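work.cif follows (mmCIF, C-alpha atoms):
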data_query
#
loop_
_atom_site.label_atom_id
_atom_site.label_comp_id
_atom_site.auth_asym_id
_atom_site.auth_seq_id
_atom_site.Cartn_x
_atom_site.Cartn_y
_atom_site.Cartn_z
CA THR A 1 -9.22 -5.47 -55.28
CA TYR A 2 -12.70 -6.18 -56.68
CA THR A 3 -13.79 -4.92 -60.12
CA VAL A 4 -17.26 -4.79 -61.57
CA THR A 5 -18.09 -4.22 -65.25
CA VAL A 6 -21.44 -2.62 -65.97
CA THR A 7 -23.04 -2.94 -69.44
CA ALA A 8 -25.80 -0.50 -70.37
CA ALA A 9 -28.75 -1.31 -72.63
CA ASN A 10 -26.99 0.48 -75.49
CA GLY A 11 -24.04 -1.89 -75.17
CA CYS A 12 -21.65 0.58 -73.60
CA THR A 13 -19.58 -0.71 -70.67
CA ASN A 14 -17.84 0.83 -67.75
CA THR A 15 -15.83 -0.64 -64.86
CA ALA A 16 -15.47 0.29 -61.24
CA SER A 17 -13.05 -1.09 -58.69
CA ILE A 18 -12.89 -1.19 -54.93
CA GLU A 19 -9.95 -2.16 -52.80
CA ILE A 20 -10.81 -3.80 -49.50
CA THR A 21 -8.16 -3.98 -46.82
CA ARG A 22 -8.23 -5.88 -43.60
CA ASP A 23 -7.07 -4.43 -40.27
CA ILE A 24 -7.21 -7.08 -37.58
CA THR A 25 -4.23 -5.82 -35.63
CA VAL A 26 -4.74 -6.62 -31.97
CA PRO A 27 -3.80 -3.74 -29.65
CA THR A 28 -0.90 -4.10 -27.24
CA ALA A 29 -2.57 -3.84 -23.87
CA ALA A 30 -0.29 -2.62 -21.09
CA ILE A 31 -0.66 -1.36 -17.53
CA THR A 32 1.60 1.29 -15.99
CA ASN A 33 1.74 1.16 -12.19
CA ASN A 34 1.85 4.82 -11.12
CA THR A 35 2.21 3.98 -7.42
CA GLY A 36 5.32 1.84 -7.90
CA THR A 37 4.09 -1.02 -5.73
CA THR A 38 1.35 -3.62 -5.95
CA VAL A 39 1.10 -4.06 -2.19
CA LEU A 40 -1.53 -2.21 -0.19
CA THR A 41 -0.28 -1.35 3.30
CA CYS A 42 -1.24 0.92 6.18
CA THR A 43 0.58 3.76 4.40
CA THR A 44 -0.20 2.79 0.78
CA THR A 45 -3.99 2.56 0.84
CA ALA A 46 -4.55 2.74 -2.93
CA ILE A 47 -2.72 1.64 -6.09
CA SER A 48 -2.96 4.00 -9.09
CA VAL A 49 -2.58 2.53 -12.60
CA THR A 50 -2.96 3.61 -16.22
CA ALA A 51 -3.81 1.30 -19.12
CA THR A 52 -2.39 1.97 -22.59
CA GLY A 53 -2.66 0.58 -26.12
CA GLY A 54 -6.16 1.44 -27.26
CA VAL A 55 -8.89 4.03 -27.61
CA SER A 56 -11.26 2.67 -24.96
CA TYR A 57 -10.77 0.76 -21.74
CA ALA A 58 -12.95 -1.46 -19.55
CA TRP A 59 -11.66 -2.58 -16.15
CA ASP A 60 -13.32 -5.30 -14.09
CA GLY A 61 -13.10 -3.18 -10.92
CA GLY A 62 -11.57 -0.12 -9.36
CA SER A 63 -12.83 3.41 -8.80
CA THR A 64 -12.99 4.43 -12.51
CA PRO A 65 -13.48 1.23 -14.53
CA THR A 66 -14.33 2.89 -17.88
CA THR A 67 -11.20 5.05 -18.18
CA ALA A 68 -7.55 4.32 -18.83
CA ALA A 69 -6.58 5.60 -15.35
CA ASN A 70 -7.90 3.59 -12.42
CA THR A 71 -7.33 3.19 -8.69
CA PHE A 72 -7.63 0.06 -6.55
CA ASN A 73 -7.95 -0.01 -2.76
CA GLY A 74 -8.55 -3.72 -2.28
CA PRO A 75 -6.50 -6.82 -3.08
CA GLY A 76 -7.26 -8.89 -6.17
CA THR A 77 -6.44 -9.54 -9.80
CA TYR A 78 -7.72 -6.70 -11.98
CA THR A 79 -8.04 -7.02 -15.75
CA VAL A 80 -8.47 -4.27 -18.33
CA THR A 81 -9.91 -4.89 -21.79
CA VAL A 82 -8.26 -2.53 -24.27
CA THR A 83 -10.13 -1.80 -27.51
CA ALA A 84 -8.31 -0.40 -30.56
CA ALA A 85 -9.83 1.91 -33.18
CA ASN A 86 -10.38 -1.13 -35.42
CA GLY A 87 -12.55 -2.80 -32.77
CA CYS A 88 -9.99 -5.48 -31.89
CA THR A 89 -9.40 -6.11 -28.20
CA ASN A 90 -6.71 -7.40 -25.89
CA THR A 91 -6.39 -7.69 -22.12
CA ALA A 92 -3.78 -7.07 -19.44
CA SER A 93 -3.94 -7.82 -15.73
CA ILE A 94 -2.35 -6.63 -12.50
CA ILE A 95 -2.29 -8.45 -9.17
CA ILE A 96 -2.77 -6.29 -6.05
CA THR A 97 -1.94 -7.79 -2.65
CA LYS A 98 -2.41 -6.46 0.86
CA ASP A 99 -0.12 -6.39 3.89
CA ASP A 100 -1.85 -4.62 6.75
CA ASN A 101 -0.59 -6.79 9.58
CA VAL A 102 -0.32 -4.75 12.76
CA PRO A 103 2.92 -5.31 14.70
CA THR A 104 2.82 -6.72 18.20
CA ALA A 105 4.23 -4.04 20.48
CA VAL A 106 5.96 -5.45 23.55
CA ILE A 107 7.90 -3.72 26.32
CA THR A 108 10.52 -5.71 28.21
CA ASN A 109 11.41 -4.27 31.60
CA ASN A 110 15.16 -4.81 31.88
CA THR A 111 15.34 -3.43 35.43
CA GLY A 112 12.79 -5.86 36.82
CA THR A 113 10.78 -3.23 38.66
CA THR A 114 8.61 -0.28 37.70
CA VAL A 115 9.22 1.58 40.98
CA LEU A 116 11.85 4.31 41.20
CA THR A 117 13.47 4.41 44.63
CA CYS A 118 16.47 5.97 46.26
CA THR A 119 18.56 3.01 45.04
CA THR A 120 16.77 2.39 41.71
CA THR A 121 17.03 5.80 40.05
CA ALA A 122 16.23 4.67 36.50
CA ILE A 123 14.12 2.01 34.82
CA SER A 124 15.59 0.45 31.66
CA VAL A 125 13.19 -0.96 29.04
CA THR A 126 13.35 -2.36 25.50
CA ALA A 127 10.49 -2.34 23.00
CA THR A 128 10.13 -5.04 20.33
CA GLY A 129 7.79 -5.88 17.49
CA GLY A 130 8.54 -3.43 14.69
CA GLY A 131 11.00 -1.61 12.53
CA THR A 132 10.97 1.79 14.23
CA TYR A 133 10.10 2.98 17.72
CA ALA A 134 8.85 6.29 19.08
CA TRP A 135 8.51 6.79 22.82
CA ASP A 136 6.66 9.74 24.33
CA GLY A 137 9.51 10.39 26.77
CA GLY A 138 12.62 8.97 28.31
CA ALA A 139 16.33 9.35 27.63
CA THR A 140 16.31 7.88 24.08
CA PRO A 141 12.76 8.20 22.68
CA ALA A 142 13.62 7.30 19.06
CA THR A 143 15.15 3.90 19.79
CA ALA A 144 13.85 0.54 20.99
CA ALA A 145 15.86 0.81 24.23
CA ASN A 146 14.91 3.60 26.61
CA THR A 147 15.46 4.68 30.20
CA PHE A 148 13.09 6.53 32.51
CA ASN A 149 14.10 8.38 35.67
CA ALA A 150 10.77 10.02 36.50
CA PRO A 151 7.38 8.53 37.32
CA GLY A 152 4.68 8.48 34.65
CA THR A 153 2.96 6.43 31.98
CA TYR A 154 5.23 6.00 28.97
CA THR A 155 3.95 4.80 25.61
CA VAL A 156 5.93 3.45 22.68
CA THR A 157 4.57 3.47 19.12
CA VAL A 158 5.94 0.53 17.15
CA THR A 159 5.89 0.92 13.35
CA ALA A 160 6.35 -2.11 11.09
CA ALA A 161 7.89 -2.03 7.62
CA ASN A 162 4.38 -1.96 6.10
CA GLY A 163 3.61 1.30 7.92
CA CYS A 164 1.18 -0.28 10.38
CA THR A 165 1.53 0.78 14.00
CA ASN A 166 0.70 -0.45 17.47
CA THR A 167 1.33 0.95 20.92
CA GLU A 168 2.23 -0.39 24.35
CA SER A 169 2.58 1.46 27.65
CA ILE A 170 4.41 1.03 30.92
CA VAL A 171 3.61 2.78 34.20
CA ILE A 172 6.57 3.94 36.28
CA THR A 173 5.93 4.90 39.88
CA GLN A 174 8.15 6.39 42.54
CA ASP A 175 8.72 5.58 46.19
CA ASN A 176 11.36 7.87 47.61
CA THR A 177 9.79 8.41 51.00
CA PRO A 178 12.65 8.73 53.45
CA PRO A 179 12.54 6.51 56.48
CA THR A 180 11.59 7.99 59.82
CA ALA A 181 14.80 8.27 61.71
CA GLY A 182 14.54 7.93 65.43
CA ILE A 183 16.92 7.75 68.33
CA THR A 184 15.98 5.82 71.41
#
Please rewrite the model in this file as structure tokens.
Amino acid sequence: TYTVTVTAANGCTNTASIEITRDITVPTAAITNNTGTTVLTCTTTAISVTATGGVSYAWDGGSTPTTAANTFNGPGTYTVTVTAANGCTNTASIIITKDDNVPTAVITNNTGTTVLTCTTTAISVTATGGGTYAWDGGATPATAANTFNAPGTYTVTVTAANGCTNTESIVITQDNTPPTAGIT
């Protein structure tokens, strides 16, 4: 508290006081991850976040860098500067990574031939390279192992844990031409 005493020319005095306070409280900068993951994948193409703790926000990247809410669609370390009403600042950061590795789809032909005949009535195959498999035909189209008993081009879509996909195909043909029987 500061006090000043003022004396007039007639000798009268008066006092006035002022109390000066100091607010240098640094804000608590925090980031809430609305997406729930910090890994960008083939299925999670953007990470949504919200900064808290102040009255204004300044991000060093993202789609809306001057607001509390922001979205990132590339890997990196992103920092927000949070400013409180008193002008004090603090920062918080979030690290975004990326896993967009495409699986290698492979079909193993367990039968050893791709030709259906009178003795080979089904072709057995197994797909590898991912977490889930989806064939466009066959006896068991939702599994890695499948069997085909008709000619055609069959494609498997292999999906990895990161949501990335790849495809591979196998062509099955048929030769069931009966022999020409003859009697001499």
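CA of Ile31 (chain A) sits 6.8 Å away from CA of Ala92 (chain A).
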### Protein and nucleic acid residues near (-7.1, 4.4, -19.5) (cut-off 10 Å, all atoms listed in the file) as number ranges by chain
A: 30-32, 49-59, 64-70, 80-82
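Residues captured in this structure file are Asn109, Asn110, Thr111, Ala122, Ile123, Val125, Asn146, Thr147 and Phe148 of chain A, according to the PyMOL selection byres ((chain A and resi 124) around 7).
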### Message
Which residues are close to Thr128 (chain A), i.e. within 8 Å by all atoms listed in the file, leaving aside same-chain residues fewer than 6 positions away? Reply as a PyMOL selection string.
### Response
chain A and resi 104-108+144+158
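Minimum distance to Asp99 (chain A) across A:Ala160, A:Pro178, A:Ala145, A:Thr35 (counting only C-alpha atoms) occurs at A:Ala160.
Take the PyMOL selection byres ((chain A and resi 93) around 6) and apply it to this file: it picks A:Tyr78, A:Thr79, A:Ala92, A:Ile94.
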Please determine an axis-aligned box that encloses all atoms of region 26-39 of chain A listed in the file, with 4 Å added on each side, and express its centre and edge lengths in Å to one decimal as AutoDock Vina command-line options.
--center_x 0.3 --center_y -0.9 --center_z -17.1 --size_x 18.1 --size_y 19.4 --size_z 37.8
### Message
When you look at Thr97 (chain A) with a cut-off of 7 Å (counting only C-alpha atoms), what residues show up, excluding the ones that are within fewer than 4 positions of it in the same chain? I need them as a ChimeraX atom specification.
### Response
/A:38-40,75-76
### Message
Under the PyMOL selection byres ((chain A and resi 44) around 12), which residues of this model are included? Write them out as a PyMOL selection string.
### Response
chain A and resi 35-43+45-48+71-74+96-100+161-164
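Using only C-alpha atoms for every distance, the candidate list A:Ile24, A:Ile18, A:Ile172, A:Val156 yields A:Ile172 as the residue closest to Thr117 (chain A).
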#### Entry: Two-atom distance - CA of Pro179 (chain A), CA of Thr121 (chain A) (Å)
17.0 Å
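Neighbouring residues of Ala142 (chain A) at 8 Å or closer, counting only C-alpha atoms and skipping chain neighbours under 5 positions away, are Thr132, Tyr133, Ala134 and Trp135 of chain A.
Across the model, the gap from CA of Thr83 (chain A) to CA of Pro27 (chain A) is 7.0 Å.
Nearest residue to Gly61 (chain A), choosing from A:Thr173, A:Asp136, A:Thr77, A:Ala16 and counting all atoms listed in the file: A:Thr77.
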